[in-house]
>>> print(open('start29.txt').read())   # compact mmCIF, C-alpha atoms
# COMPACT_ATOMS: atom_id res chain seq x y z
CA MET I 1 -14.29 -25.91 -9.88
CA THR I 2 -12.20 -26.23 -6.71
CA PRO I 3 -8.76 -24.68 -6.34
CA ALA I 4 -7.23 -28.15 -6.53
CA ASP I 5 -9.18 -28.92 -9.74
CA ALA I 6 -7.96 -25.70 -11.35
CA LEU I 7 -4.35 -26.31 -10.37
CA THR I 8 -4.47 -29.89 -11.65
CA ALA I 9 -6.02 -28.81 -14.94
CA LEU I 10 -3.39 -26.16 -15.67
CA ARG I 11 -0.52 -28.40 -14.55
CA ALA I 12 -1.73 -30.91 -17.13
CA VAL I 13 -1.75 -28.24 -19.83
CA GLU I 14 1.73 -27.13 -18.79
CA ALA I 15 3.03 -30.69 -18.95
CA GLY I 16 1.64 -31.13 -22.45
CA GLU I 17 2.36 -27.76 -24.01
CA GLY I 18 5.16 -26.21 -21.97
CA ALA I 19 5.42 -22.49 -21.37
CA PRO I 20 3.88 -20.07 -23.89
CA SER I 21 6.37 -18.56 -26.32
CA LEU I 22 7.23 -14.88 -26.24
CA ASP I 23 5.06 -14.29 -29.30
CA THR I 24 2.13 -16.08 -27.63
CA ARG I 25 2.57 -14.07 -24.43
CA ARG I 26 2.60 -10.81 -26.36
CA ALA I 27 -0.57 -11.86 -28.16
CA LEU I 28 -2.24 -12.76 -24.85
CA LEU I 29 -1.39 -9.32 -23.42
CA ALA I 30 -2.81 -7.62 -26.49
CA GLU I 31 -5.99 -9.69 -26.25
CA LEU I 32 -6.46 -8.91 -22.55
CA ARG I 33 -6.16 -5.22 -23.33
CA ARG I 34 -8.77 -5.49 -26.07
CA VAL I 35 -11.24 -7.46 -23.97
CA VAL I 36 -10.91 -5.28 -20.86
CA LEU I 37 -11.53 -2.14 -22.92
CA LYS I 38 -14.47 -3.84 -24.63
CA HIS I 39 -16.05 -4.52 -21.21
CA ALA I 40 -15.16 -1.11 -19.71
CA ALA I 41 -18.74 0.08 -19.30
CA ALA I 42 -19.85 -3.27 -17.88
CA ILE I 43 -16.99 -3.19 -15.37
CA ALA I 44 -18.03 0.26 -14.16
CA GLU I 45 -21.67 -0.83 -13.85
CA ALA I 46 -20.77 -4.02 -11.98
CA ALA I 47 -18.51 -2.19 -9.55
CA ALA I 48 -21.18 0.42 -8.85
CA ALA I 49 -23.72 -2.33 -8.18
CA ASP I 50 -21.36 -4.22 -5.86
CA TYR I 51 -20.51 -1.09 -3.88
CA GLY I 52 -23.95 0.42 -3.89
CA ALA I 53 -22.25 3.50 -5.36
CA ARG I 54 -18.84 3.72 -6.97
CA SER I 55 -17.43 6.52 -9.06
CA ALA I 56 -17.43 5.39 -12.68
CA GLU I 57 -14.36 7.55 -13.27
CA ASP I 58 -12.45 5.79 -10.46
CA THR I 59 -13.33 2.41 -11.96
CA LEU I 60 -12.48 3.40 -15.52
CA LEU I 61 -9.11 4.86 -14.50
CA ALA I 62 -7.98 2.38 -11.84
CA ASP I 63 -9.62 -0.88 -12.93
CA VAL I 64 -9.70 -0.49 -16.71
CA LEU I 65 -7.19 2.00 -18.08
CA LEU I 66 -4.43 0.91 -15.70
CA ILE I 67 -4.75 -2.67 -16.93
CA ALA I 68 -4.88 -1.62 -20.58
CA ASP I 69 -1.77 0.53 -20.21
CA ALA I 70 0.09 -2.19 -18.31
CA CYS I 71 -0.66 -4.69 -21.08
CA SER I 72 0.76 -2.32 -23.68
CA TYR I 73 3.85 -1.54 -21.59
CA SER I 74 4.69 -5.17 -20.82
CA ARG I 75 4.05 -6.25 -24.40
CA ARG I 76 6.45 -3.58 -25.65
CA LYS I 77 9.20 -4.38 -23.13
CA LEU I 78 8.87 -8.16 -22.89
CA ARG I 79 11.61 -9.26 -25.29
CA GLY I 80 14.17 -7.15 -23.46
CA TRP I 81 13.13 -8.48 -20.04
CA ALA I 82 13.29 -12.08 -21.23
CA ARG I 83 16.71 -11.80 -22.87
CA PRO I 84 19.32 -13.99 -21.12
CA ARG I 85 21.93 -11.98 -19.22
CA ARG I 86 25.60 -12.82 -19.34
CA ALA I 87 27.34 -13.55 -16.07
CA ALA I 88 31.00 -12.96 -15.30
CA VAL I 89 33.30 -15.99 -15.44
CA PRO I 90 36.42 -15.79 -13.24
CA MET I 91 39.72 -16.43 -15.05
CA PRO I 92 40.38 -19.91 -13.51
CA PHE I 93 37.20 -21.18 -15.22
CA PHE I 94 37.97 -19.83 -18.72
CA PRO I 95 36.88 -20.55 -21.42
CA ALA I 96 33.52 -21.37 -19.82
CA ARG I 97 30.45 -19.26 -20.58
CA ALA I 98 27.77 -18.35 -18.02
CA TRP I 99 24.42 -16.64 -18.19
CA VAL I 100 21.10 -16.26 -16.37
CA GLU I 101 17.83 -17.11 -18.08
CA GLN I 102 14.34 -16.22 -16.88
CA VAL I 103 12.24 -19.38 -16.65
CA PRO I 104 8.49 -19.37 -15.92
CA LYS I 105 7.60 -20.68 -12.47
CA GLY I 106 4.51 -22.59 -13.63
CA VAL I 107 0.99 -22.07 -12.27
CA ILE I 108 0.43 -18.90 -10.25
CA GLY I 109 -2.43 -18.55 -7.74
CA ILE I 110 -3.86 -15.04 -7.26
CA MET I 111 -6.13 -14.05 -4.38
CA ALA I 112 -7.67 -10.68 -5.23
CA PRO I 113 -9.41 -8.20 -2.89
CA TRP I 114 -12.58 -6.18 -3.33
CA ASN I 115 -11.23 -2.63 -3.26
CA TYR I 116 -9.86 -2.63 -6.83
CA PRO I 117 -11.42 -5.91 -7.87
CA VAL I 118 -10.34 -5.90 -11.52
CA GLN I 119 -6.97 -4.19 -11.20
CA LEU I 120 -5.74 -6.34 -8.32
CA ALA I 121 -6.86 -9.55 -10.01
CA LEU I 122 -5.53 -8.80 -13.48
CA MET I 123 -2.37 -6.80 -12.76
CA PRO I 124 -0.51 -9.72 -11.16
CA ALA I 125 -2.12 -12.01 -13.73
CA LEU I 126 -0.72 -10.10 -16.69
CA ASP I 127 2.69 -9.96 -15.01
CA ALA I 128 2.54 -13.73 -14.55
CA ILE I 129 1.48 -14.29 -18.18
CA ALA I 130 4.29 -12.02 -19.41
CA ALA I 131 6.69 -14.28 -17.52
CA GLY I 132 5.26 -17.34 -19.28
CA ASN I 133 3.07 -18.79 -16.55
CA ARG I 134 -0.57 -19.82 -16.29
CA VAL I 135 -2.87 -18.39 -13.64
CA VAL I 136 -5.76 -19.29 -11.36
CA ILE I 137 -7.60 -16.31 -9.83
CA LYS I 138 -9.79 -16.24 -6.74
CA PRO I 139 -11.76 -12.95 -6.93
CA SER I 140 -13.28 -11.40 -3.83
CA GLU I 141 -16.74 -12.62 -2.92
CA ALA I 142 -17.44 -9.10 -1.58
CA ALA I 143 -17.73 -7.90 -5.20
CA PRO I 144 -19.67 -10.79 -6.79
CA ARG I 145 -20.78 -9.02 -9.97
CA VAL I 146 -17.23 -7.97 -10.79
CA ALA I 147 -16.00 -11.47 -9.89
CA ALA I 148 -18.36 -12.99 -12.44
CA LEU I 149 -17.25 -10.44 -15.04
CA ILE I 150 -13.57 -11.27 -14.40
CA GLU I 151 -14.39 -14.89 -15.22
CA THR I 152 -16.06 -13.79 -18.46
CA ILE I 153 -13.14 -11.53 -19.42
CA LEU I 154 -10.50 -14.21 -18.83
CA ALA I 155 -12.47 -16.86 -20.69
CA GLU I 156 -12.72 -14.53 -23.69
CA ALA I 157 -9.19 -13.16 -23.59
CA TRP I 158 -7.11 -16.18 -22.56
CA GLY I 159 -9.27 -19.27 -22.37
CA PRO I 160 -9.17 -22.20 -19.94
CA ARG I 161 -5.76 -23.46 -21.09
CA VAL I 162 -4.14 -20.27 -19.76
CA ALA I 163 -6.35 -18.91 -16.96
CA LEU I 164 -9.06 -20.25 -14.69
CA VAL I 165 -11.24 -18.56 -12.08
CA VAL I 166 -12.35 -20.09 -8.79
CA GLN I 167 -15.34 -18.46 -7.09
CA GLY I 168 -16.36 -18.76 -3.45
CA GLY I 169 -16.21 -17.40 0.08
CA PRO I 170 -13.77 -17.70 3.00
CA GLU I 171 -13.70 -21.51 2.96
CA VAL I 172 -12.68 -21.53 -0.68
CA ALA I 173 -10.08 -18.84 0.04
CA GLN I 174 -8.59 -20.95 2.82
CA ASP I 175 -8.44 -23.97 0.51
CA PHE I 176 -6.93 -21.81 -2.23
CA ALA I 177 -4.11 -20.56 0.04
CA GLY I 178 -3.20 -24.12 0.98
CA GLN I 179 -2.64 -25.40 -2.57
CA PRO I 180 0.92 -26.11 -3.79
CA TRP I 181 1.07 -23.25 -6.29
CA ASP I 182 4.36 -22.43 -7.96
CA HIS I 183 3.78 -18.91 -6.59
CA LEU I 184 0.92 -17.38 -4.63
CA VAL I 185 -0.15 -13.73 -4.67
CA PHE I 186 -2.36 -12.31 -1.94
CA THR I 187 -3.57 -8.72 -1.73
CA GLY I 188 -5.50 -7.71 1.37
CA GLY I 189 -5.23 -6.97 5.08
CA THR I 190 -2.20 -7.77 7.19
CA GLU I 191 -3.98 -10.16 9.55
CA ILE I 192 -5.41 -12.25 6.70
CA GLY I 193 -1.98 -12.06 5.06
CA ARG I 194 -0.48 -13.83 8.09
CA LYS I 195 -3.06 -16.61 7.72
CA VAL I 196 -2.30 -16.95 4.01
CA MET I 197 1.41 -17.20 4.77
CA ALA I 198 0.76 -19.89 7.37
CA ALA I 199 -1.40 -21.86 4.92
CA ALA I 200 1.30 -21.63 2.23
CA ALA I 201 4.13 -22.65 4.56
CA PRO I 202 3.63 -26.46 4.49
CA ASN I 203 4.08 -26.42 0.70
CA LEU I 204 6.95 -23.90 0.85
CA THR I 205 4.97 -21.88 -1.68
CA PRO I 206 6.74 -18.65 -2.70
CA LEU I 207 4.61 -15.63 -1.83
CA THR I 208 3.92 -12.09 -2.90
CA LEU I 209 1.98 -10.34 -0.15
CA GLU I 210 0.50 -6.92 -0.86
CA LEU I 211 -0.87 -5.77 2.49
CA GLY I 212 -1.65 -2.43 4.11
CA GLY I 213 -0.63 -0.05 6.88
CA LYS I 214 -0.96 3.53 7.98
CA CYS I 215 0.52 5.51 5.10
CA PRO I 216 1.51 8.90 6.55
CA ALA I 217 1.56 12.22 4.73
CA LEU I 218 4.16 14.56 6.23
CA VAL I 219 3.37 18.23 5.71
CA LEU I 220 6.54 20.16 6.49
CA PRO I 221 6.97 23.84 7.35
CA GLY I 222 7.91 24.66 3.75
CA ALA I 223 4.64 23.34 2.34
CA ASP I 224 1.98 25.46 0.71
CA LEU I 225 -0.82 24.28 3.00
CA LYS I 226 -3.64 24.83 0.51
CA ARG I 227 -1.80 22.94 -2.21
CA ALA I 228 -0.82 20.11 0.14
CA ALA I 229 -4.35 19.77 1.52
CA ARG I 230 -5.82 19.58 -1.97
CA HIS I 231 -3.35 16.91 -3.14
CA ILE I 232 -3.89 14.82 -0.01
CA LEU I 233 -7.69 15.03 -0.23
CA VAL I 234 -7.65 14.18 -3.93
CA ALA I 235 -5.74 10.99 -3.11
CA LYS I 236 -7.95 10.20 -0.12
CA ALA I 237 -11.14 10.63 -2.17
CA VAL I 238 -10.14 7.96 -4.70
CA ASN I 239 -12.35 4.93 -4.01
CA ALA I 240 -13.51 6.64 -0.80
CA GLY I 241 -10.15 6.01 0.84
CA GLN I 242 -10.49 2.24 0.37
CA THR I 243 -7.00 2.09 -1.07
CA CYS I 244 -4.01 0.42 0.59
CA ILE I 245 -1.78 3.36 -0.35
CA ALA I 246 -4.27 6.12 0.52
CA PRO I 247 -2.99 8.81 2.91
CA ASP I 248 -4.03 7.55 6.33
CA THR I 249 -2.71 10.18 8.74
CA VAL I 250 -1.47 13.70 8.05
CA LEU I 251 1.51 14.59 10.24
CA LEU I 252 1.52 18.37 10.47
CA ILE I 253 4.91 19.91 11.22
CA GLY I 254 4.73 23.62 11.85
CA HIS I 255 1.05 23.71 10.87
CA SER I 256 -2.03 23.35 13.03
CA ALA I 257 -4.83 20.86 12.50
CA ALA I 258 -7.27 23.78 12.39
CA ASP I 259 -5.33 25.44 9.57
CA PHE I 260 -5.12 22.19 7.63
CA ALA I 261 -8.86 21.61 8.06
CA ARG I 262 -9.54 25.13 6.81
CA ALA I 263 -7.34 24.54 3.75
CA ALA I 264 -9.09 21.21 3.17
CA ARG I 265 -12.51 22.85 3.19
CA GLU I 266 -11.29 25.41 0.66
CA SER I 267 -9.88 22.71 -1.63
CA GLY I 268 -13.23 21.95 -3.25
CA VAL I 269 -12.73 18.22 -2.71
CA THR I 270 -15.86 17.08 -0.93
CA GLU I 271 -17.67 14.07 -2.38
CA THR I 272 -15.97 10.84 -3.41
CA GLY I 273 -18.79 9.40 -5.49
CA THR I 274 -18.11 6.03 -3.87
CA ALA I 275 -19.66 4.28 -0.90
CA VAL I 276 -18.08 2.19 1.81
CA ILE I 277 -18.52 -1.21 0.21
CA ASN I 278 -20.67 -2.99 2.80
CA ALA I 279 -22.07 -2.94 6.31
CA ARG I 280 -19.14 -4.91 7.70
CA GLN I 281 -16.63 -2.30 6.55
CA GLN I 282 -18.85 0.52 7.80
CA ALA I 283 -19.09 -1.13 11.23
CA ARG I 284 -15.29 -1.38 11.34
CA LEU I 285 -14.96 2.33 10.51
CA ASP I 286 -17.53 3.20 13.17
CA ARG I 287 -15.59 1.17 15.72
CA ILE I 288 -12.18 2.71 15.08
CA SER I 289 -13.61 6.26 14.94
CA GLU I 290 -15.64 5.89 18.13
CA GLY I 291 -15.24 9.00 20.29
CA ALA I 292 -13.69 11.05 17.48
CA THR I 293 -15.20 14.26 16.15
CA ILE I 294 -15.34 14.00 12.38
CA ALA I 295 -15.61 17.11 10.23
CA TRP I 296 -17.15 16.06 6.92
CA MET I 297 -16.07 18.06 3.89
CA GLY I 298 -19.42 17.80 2.12
CA PRO I 299 -23.11 17.37 2.91
CA GLY I 300 -23.63 14.23 0.83
CA PRO I 301 -23.44 10.60 1.91
CA HIS I 302 -20.09 9.98 0.22
CA SER I 303 -17.94 12.68 1.77
CA VAL I 304 -14.37 12.85 3.08
CA GLY I 305 -14.03 13.48 6.81
CA LEU I 306 -11.23 14.90 8.97
CA ALA I 307 -10.56 13.90 12.57
CA LEU I 308 -7.76 14.17 15.08
CA ALA I 309 -5.65 11.03 15.34
CA THR I 310 -6.96 9.77 18.66
CA GLY I 311 -7.82 6.31 19.97
CA GLN I 312 -7.93 3.60 17.32
CA LEU I 313 -7.71 6.15 14.52
CA ALA I 314 -4.11 6.63 15.60
CA GLU I 315 -3.32 2.91 15.65
CA GLU I 316 -5.37 0.95 13.10
CA GLU I 317 -5.31 1.34 9.35
CA ILE I 318 -8.34 3.49 8.49
CA PHE I 319 -9.02 2.22 4.95
CA GLY I 320 -11.98 4.49 4.41
CA PRO I 321 -12.98 8.11 3.78
CA ILE I 322 -11.68 9.44 7.13
CA LEU I 323 -8.36 11.30 7.22
CA ALA I 324 -6.63 11.51 10.60
CA MET I 325 -4.54 14.54 11.61
CA GLU I 326 -1.64 14.66 14.05
CA GLU I 327 0.33 17.77 15.00
CA SER I 328 4.08 17.17 15.36
CA ALA I 329 6.51 19.57 17.02
CA SER I 330 9.33 18.71 14.60
CA LEU I 331 10.32 16.45 11.76
CA GLU I 332 12.08 14.24 14.30
CA ASP I 333 8.82 13.79 16.23
CA ALA I 334 6.96 12.95 13.02
CA LEU I 335 9.58 10.37 12.09
CA ALA I 336 9.33 8.87 15.57
CA TRP I 337 5.55 8.51 14.99
CA VAL I 338 6.23 6.68 11.71
CA ARG I 339 8.89 4.40 13.21
CA ALA I 340 6.64 3.47 16.13
CA ARG I 341 4.29 1.72 13.71
CA PRO I 342 4.72 -1.09 11.17
CA HIS I 343 6.48 -0.05 7.96
CA PRO I 344 3.90 1.46 5.57
CA LEU I 345 3.41 0.85 1.89
CA ALA I 346 4.06 4.53 1.17
CA ILE I 347 5.21 7.74 2.83
CA TYR I 348 4.17 11.04 1.25
CA LEU I 349 6.08 14.31 1.66
CA PHE I 350 4.83 17.84 1.10
CA GLY I 351 7.06 20.89 1.35
CA ALA I 352 10.25 18.91 1.98
CA ASN I 353 13.58 20.36 0.88
CA ALA I 354 16.38 18.09 -0.32
CA SER I 355 17.87 17.71 3.15
CA GLU I 356 14.53 16.85 4.75
CA GLU I 357 13.69 14.36 2.02
CA ALA I 358 17.08 12.69 2.52
CA GLN I 359 16.47 12.54 6.28
CA VAL I 360 13.11 10.85 5.83
CA ALA I 361 14.60 8.40 3.34
CA ALA I 362 17.44 7.52 5.71
CA GLN I 363 15.37 7.17 8.87
CA THR I 364 12.30 5.27 7.66
CA LYS I 365 11.40 2.11 5.77
CA SER I 366 8.51 1.93 3.33
CA GLY I 367 7.50 0.44 0.02
CA ALA I 368 7.62 3.90 -1.58
CA LEU I 369 8.64 7.45 -0.73
CA VAL I 370 6.80 10.06 -2.81
CA THR I 371 7.10 13.84 -2.82
CA GLY I 372 4.41 16.30 -3.87
CA ARG I 373 1.48 13.96 -4.60
CA ALA I 374 -0.01 10.71 -3.32
CA VAL I 375 -1.34 7.37 -4.62
CA GLU I 376 -0.75 7.90 -8.34
CA TYR I 377 2.82 6.55 -8.23
CA ALA I 378 1.23 3.09 -8.34
CA ALA I 379 0.14 3.78 -11.93
CA LEU I 380 3.76 3.94 -13.16
CA PRO I 381 4.53 0.61 -14.84
CA GLY I 382 8.27 1.21 -14.49
CA LEU I 383 8.03 1.27 -10.68
CA GLY I 384 7.77 -2.04 -8.91
CA PHE I 385 4.90 -1.97 -6.42
CA GLY I 386 5.06 -3.57 -2.99
CA GLY I 387 5.64 -3.16 0.70
CA VAL I 388 8.15 -4.01 3.40
CA GLY I 389 7.62 -5.92 6.63
CA ALA I 390 4.02 -5.76 7.78
CA SER I 391 2.95 -3.99 4.58
CA GLY I 392 4.03 -6.99 2.55
CA PHE I 393 6.89 -8.30 0.47
CA GLY I 394 7.60 -9.03 -3.16
CA ARG I 395 7.09 -6.71 -6.09
CA ARG I 396 4.76 -6.60 -9.07
CA ASN I 397 4.08 -4.32 -12.05
CA GLY I 398 6.15 -4.25 -15.20
CA GLU I 399 9.65 -5.69 -15.09
CA ALA I 400 9.43 -6.18 -11.33
CA GLY I 401 6.38 -8.40 -11.82
CA PHE I 402 8.03 -10.28 -14.69
CA ARG I 403 10.98 -11.12 -12.46
CA GLU I 404 8.77 -11.91 -9.45
CA PHE I 405 7.08 -14.70 -11.42
CA SER I 406 10.26 -15.99 -13.10
CA ASN I 407 12.94 -18.33 -11.86
CA PRO I 408 16.36 -16.82 -12.65
CA ARG I 409 18.03 -20.07 -13.67
CA ALA I 410 21.82 -20.16 -13.72
CA ARG I 411 23.40 -21.60 -16.87
CA MET I 412 27.03 -22.55 -17.45
CA ARG I 413 28.70 -24.14 -20.45
CA ASN I 414 32.18 -25.43 -19.64
CA GLY I 415 35.13 -25.52 -22.01
CA GLY I 416 37.47 -28.42 -22.62
CA TRP I 417 40.01 -27.38 -19.98
CA ALA I 418 40.36 -24.75 -17.23
CA LEU I 419 42.98 -23.81 -14.63
CA ALA I 420 40.50 -24.64 -11.85
CA ARG I 421 40.82 -28.32 -12.80
CA LEU I 422 44.25 -28.37 -11.23
CA PHE I 423 42.31 -28.94 -8.02
CA ASP I 424 40.41 -32.00 -9.25
CA ARG I 425 41.11 -35.17 -7.29
CA PRO I 426 43.45 -36.89 -7.03
CA GLN I 427 45.30 -33.69 -6.09
CA THR I 428 49.02 -33.41 -6.66
CA GLY I 429 51.36 -32.04 -4.07
CA PHE I 430 51.63 -28.87 -6.15
CA ALA I 431 47.84 -28.43 -6.10
CA LYS I 432 47.65 -28.86 -2.33
CA LYS I 433 50.46 -26.35 -1.82
CA LEU I 434 48.76 -23.87 -4.20
CA ILE I 435 45.44 -24.10 -2.30
CA ARG I 436 47.21 -23.15 0.92
CA GLN I 437 49.01 -20.28 -0.73
CA LEU I 438 45.74 -18.96 -2.16
CA VAL I 439 44.17 -18.68 1.32
CA GLY I 440 47.33 -17.32 2.96
CA ILE I 441 48.53 -20.43 4.79
CA ARG I 442 52.31 -20.84 4.67
>>> encode(input="start29.txt", output="structure tokens")
Amino acid sequence: MTPADALTALRAVEAGEGAPSLDTRRALLAELRRVVLKHAAAIAEAAAADYGARSAEDTLLADVLLIADACSYSRRKLRGWARPRRAAVPMPFFPARAWVEQVPKGVIGIMAPWNYPVQLALMPALDAIAAGNRVVIKPSEAAPRVAALIETILAEAWGPRVALVVQGGPEVAQDFAGQPWDHLVFTGGTEIGRKVMAAAAPNLTPLTLELGGKCPALVLPGADLKRAARHILVAKAVNAGQTCIAPDTVLLIGHSAADFARAARESGVTETGTAVINARQQARLDRISEGATIAWMGPGPHSVGLALATGQLAEEEIFGPILAMEESASLEDALAWVRARPHPLAIYLFGANASEEAQVAAQTKSGALVTGRAVEYAALPGLGFGGVGASGFGRRNGEAGFREFSNPRARMRNGGWALARLFDRPQTGFAKKLIRQLVGIR
């Protein structure tokens, strides 16, 4: 099935059946939860096979449990999100009534990446279904076993009248991005995101872009270095650092790189249990770390490494198990480092007091600002997830995702008469004089 075939098929269903009711949507969310949990072990096995090695715990938490919890949360909250909201009516228009209703956009295209192949395919999908849409998903060809399993899961949970899957490589992805979807979601690298945006432009397709960037972790003078190092390494170890919101560079303020490295070695966080997914990604990591001295935390093949932020490690998104370190003379210098680069998805703070946290919030832009831990904020269904600028735009997860895939349609029901109709044509001399008085013309 081509992207165009899938879009045509679901548009035909939409034309015949309309949008799913709230009860149907809630049932679809419950069924997705059931089916994903049913296939949990198969998902972990498929991901491990696609990666060569992937922590089963990472897969079960990030690609299974997160989806199951999101289904439950959205199902529970859906009626409240969908309720029409009254809008104020100025006195000259009384006794009119006005409200805003959330209308499904239609057929949503989703281009999913390989790093969290189930989560990043199904999270926007369940948001779109909650909003009353139908979905077509293009999984990543870099994780073919998981891609096939996603097709099986959606066929079982939702069926072909609600969701379809299109498989294929870069040519199919290019074709997919160019279709006239009612909304298109892309999760991946910034450069490919620009190409997706260009492909969507001729159709004026609305976009949600979830991209990347160098997410900094600022370790301030007030931080407990051992505690901070452990929390940062725990976040970096998830999926071997192949996470768009993983700490990329540690900006050390009042701490030395040597002290941080010592604290990291004492943290006990060594092996990730997950491999770099393929030779292409490994070659990219080798290129950007060329010339750097990497201190690996463990002896095994799936270890976390520390290196000074030099060369391309200081400029390109790392997206792997290497953590860069940069010593900063002051918080102002660290903030200058952040502002000199594209806005990140997340900024992490360790040891910040209220004044320092407020300074960082005021002087930076990011999709999220998190104190005390890293990465796990993305698991909160009440927080909309997304970036700003080069790290993307649009929001998904929970209510934010529901609204992202809804059209907030304005509704107004007029009464039999209103003062504003004094200005209907043909206008009397009194009406013309009143208009001038209202804008201050004498």
>>> atom_distance(input="start29.txt", atom1="CA of Ser289 in chain I", atom2="CA of Ala263 in chain I")
22.3 Å
>>> atom_distance(input="start29.txt", atom1="CA of Arg161 in chain I", atom2="CA of Ala70 in chain I")
22.2 Å
>>> atom_distance(input="start29.txt", atom1="CA of Ala42 in chain I", atom2="CA of Ala275 in chain I")
18.6 Å
>>> closest_atom_pairs(input="start29.txt", of="range 347-424 of chain I", to="range 227-251 of chain I", cutoff="12 Å", atoms="all atoms listed in the file", output="CSV")
residue,atom,partner,partner_atom,distance
I:Ile347,CA,I:Pro247,CA,8.3
I:Tyr348,CA,I:Pro247,CA,7.7
I:Leu349,CA,I:Ala228,CA,9.1
I:Phe350,CA,I:Ala228,CA,6.2
I:Gly351,CA,I:Ala228,CA,8.0
I:Ala352,CA,I:Ala228,CA,11.3
I:Ser366,CA,I:Ile245,CA,11.0
I:Gly367,CA,I:Ile245,CA,9.7
I:Ala368,CA,I:Ile245,CA,9.5
I:Leu369,CA,I:Ile245,CA,11.2
I:Val370,CA,I:Ile245,CA,11.2
I:Thr371,CA,I:Ala228,CA,10.5
I:Gly372,CA,I:Ala228,CA,7.6
I:Arg373,CA,I:His231,CA,5.8
I:Ala374,CA,I:Ala235,CA,5.7
I:Val375,CA,I:Ile245,CA,5.9
I:Glu376,CA,I:Ala235,CA,7.9
I:Tyr377,CA,I:Ile245,CA,9.7
I:Ala378,CA,I:Ile245,CA,8.5
I:Ala379,CA,I:Ile245,CA,11.7
I:Phe385,CA,I:Ile245,CA,10.5
I:Gly386,CA,I:Ile245,CA,10.1
I:Gly387,CA,I:Ile245,CA,9.9
I:Ser391,CA,I:Cys244,CA,9.2
I:Gly392,CA,I:Cys244,CA,11.1
>>> closest_residue(input="start29.txt", among="I:Pro144, I:Gly212, I:Gly188, I:Gly222", to="Met111 in chain I", atoms="only C-alpha atoms")
I:Gly188
>>> closest_atom_pairs(input="start29.txt", of="range 104-176 of chain I", to="range 200-205 of chain I", cutoff="12 Å", atoms="only C-alpha atoms", output="Markdown table")
| residue | atom | partner | partner_atom | distance |
| --- | --- | --- | --- | --- |
| I:Lys105 | CA | I:Thr205 | CA | 11.2 |
| I:Gly106 | CA | I:Thr205 | CA | 12.0 |
| I:Val107 | CA | I:Thr205 | CA | 11.3 |
| I:Ile108 | CA | I:Thr205 | CA | 10.1 |
| I:Gly109 | CA | I:Thr205 | CA | 10.1 |
| I:Ala173 | CA | I:Ala200 | CA | 11.9 |
| I:Gln174 | CA | I:Ala200 | CA | 9.9 |
| I:Asp175 | CA | I:Ala200 | CA | 10.2 |
| I:Phe176 | CA | I:Ala200 | CA | 9.4 |
>>> residues_around(input="start29.txt", residues="Glu14 in chain I", least_positions_apart="3", cutoff="10 Å", atoms="only C-alpha atoms", output="PDB file with C-alpha atoms, keeping the file's coordinate frame")
ATOM      1  CA  THR I   8      -4.470 -29.890 -11.650  1.00  0.00           C
ATOM      2  CA  ALA I   9      -6.020 -28.810 -14.940  1.00  0.00           C
ATOM      3  CA  LEU I  10      -3.390 -26.160 -15.670  1.00  0.00           C
ATOM      4  CA  ARG I  11      -0.520 -28.400 -14.550  1.00  0.00           C
ATOM      5  CA  GLU I  17       2.360 -27.760 -24.010  1.00  0.00           C
ATOM      6  CA  GLY I  18       5.160 -26.210 -21.970  1.00  0.00           C
ATOM      7  CA  ALA I  19       5.420 -22.490 -21.370  1.00  0.00           C
ATOM      8  CA  PRO I  20       3.880 -20.070 -23.890  1.00  0.00           C
ATOM      9  CA  GLY I 106       4.510 -22.590 -13.630  1.00  0.00           C
ATOM     10  CA  VAL I 107       0.990 -22.070 -12.270  1.00  0.00           C
ATOM     11  CA  ASN I 133       3.070 -18.790 -16.550  1.00  0.00           C
ATOM     12  CA  ARG I 134      -0.570 -19.820 -16.290  1.00  0.00           C
ATOM     13  CA  ARG I 161      -5.760 -23.460 -21.090  1.00  0.00           C
ATOM     14  CA  VAL I 162      -4.140 -20.270 -19.760  1.00  0.00           C
TER      15      VAL I 162
END
>>> closest_residue(input="start29.txt", among="I:Ala96, I:Ala41, I:Leu345, I:Leu308", to="Gly415 in chain I", atoms="only C-alpha atoms")
I:Ala96
>>> decode(input="start29.txt", residues="range 379-383 of chain I", atoms="N, CA, C and O atoms", output="PDB file, in the first residue's frame")
ATOM      1  N   ALA I 379       7.446  11.350  30.422  1.00  0.00           N
ATOM      2  CA  ALA I 379       6.478  10.307  30.759  1.00  0.00           C
ATOM      3  C   ALA I 379       5.234  10.868  31.439  1.00  0.00           C
ATOM      4  O   ALA I 379       4.288  10.122  31.705  1.00  0.00           O
ATOM      5  N   LEU I 380       5.190  12.179  31.703  1.00  0.00           N
ATOM      6  CA  LEU I 380       4.047  12.777  32.378  1.00  0.00           C
ATOM      7  C   LEU I 380       2.978  13.127  31.354  1.00  0.00           C
ATOM      8  O   LEU I 380       3.179  14.030  30.522  1.00  0.00           O
ATOM      9  N   PRO I 381       1.834  12.444  31.365  1.00  0.00           N
ATOM     10  CA  PRO I 381       0.822  12.694  30.339  1.00  0.00           C
ATOM     11  C   PRO I 381       0.187  14.068  30.444  1.00  0.00           C
ATOM     12  O   PRO I 381      -0.403  14.551  29.475  1.00  0.00           O
ATOM     13  N   GLY I 382       0.317  14.725  31.600  1.00  0.00           N
ATOM     14  CA  GLY I 382      -0.243  16.059  31.747  1.00  0.00           C
ATOM     15  C   GLY I 382       0.642  17.158  31.207  1.00  0.00           C
ATOM     16  O   GLY I 382       0.227  18.319  31.156  1.00  0.00           O
ATOM     17  N   LEU I 383       1.878  16.818  30.798  1.00  0.00           N
ATOM     18  CA  LEU I 383       2.788  17.803  30.215  1.00  0.00           C
ATOM     19  C   LEU I 383       2.838  17.624  28.706  1.00  0.00           C
ATOM     20  O   LEU I 383       3.180  16.540  28.218  1.00  0.00           O
TER      21      LEU I 383
END
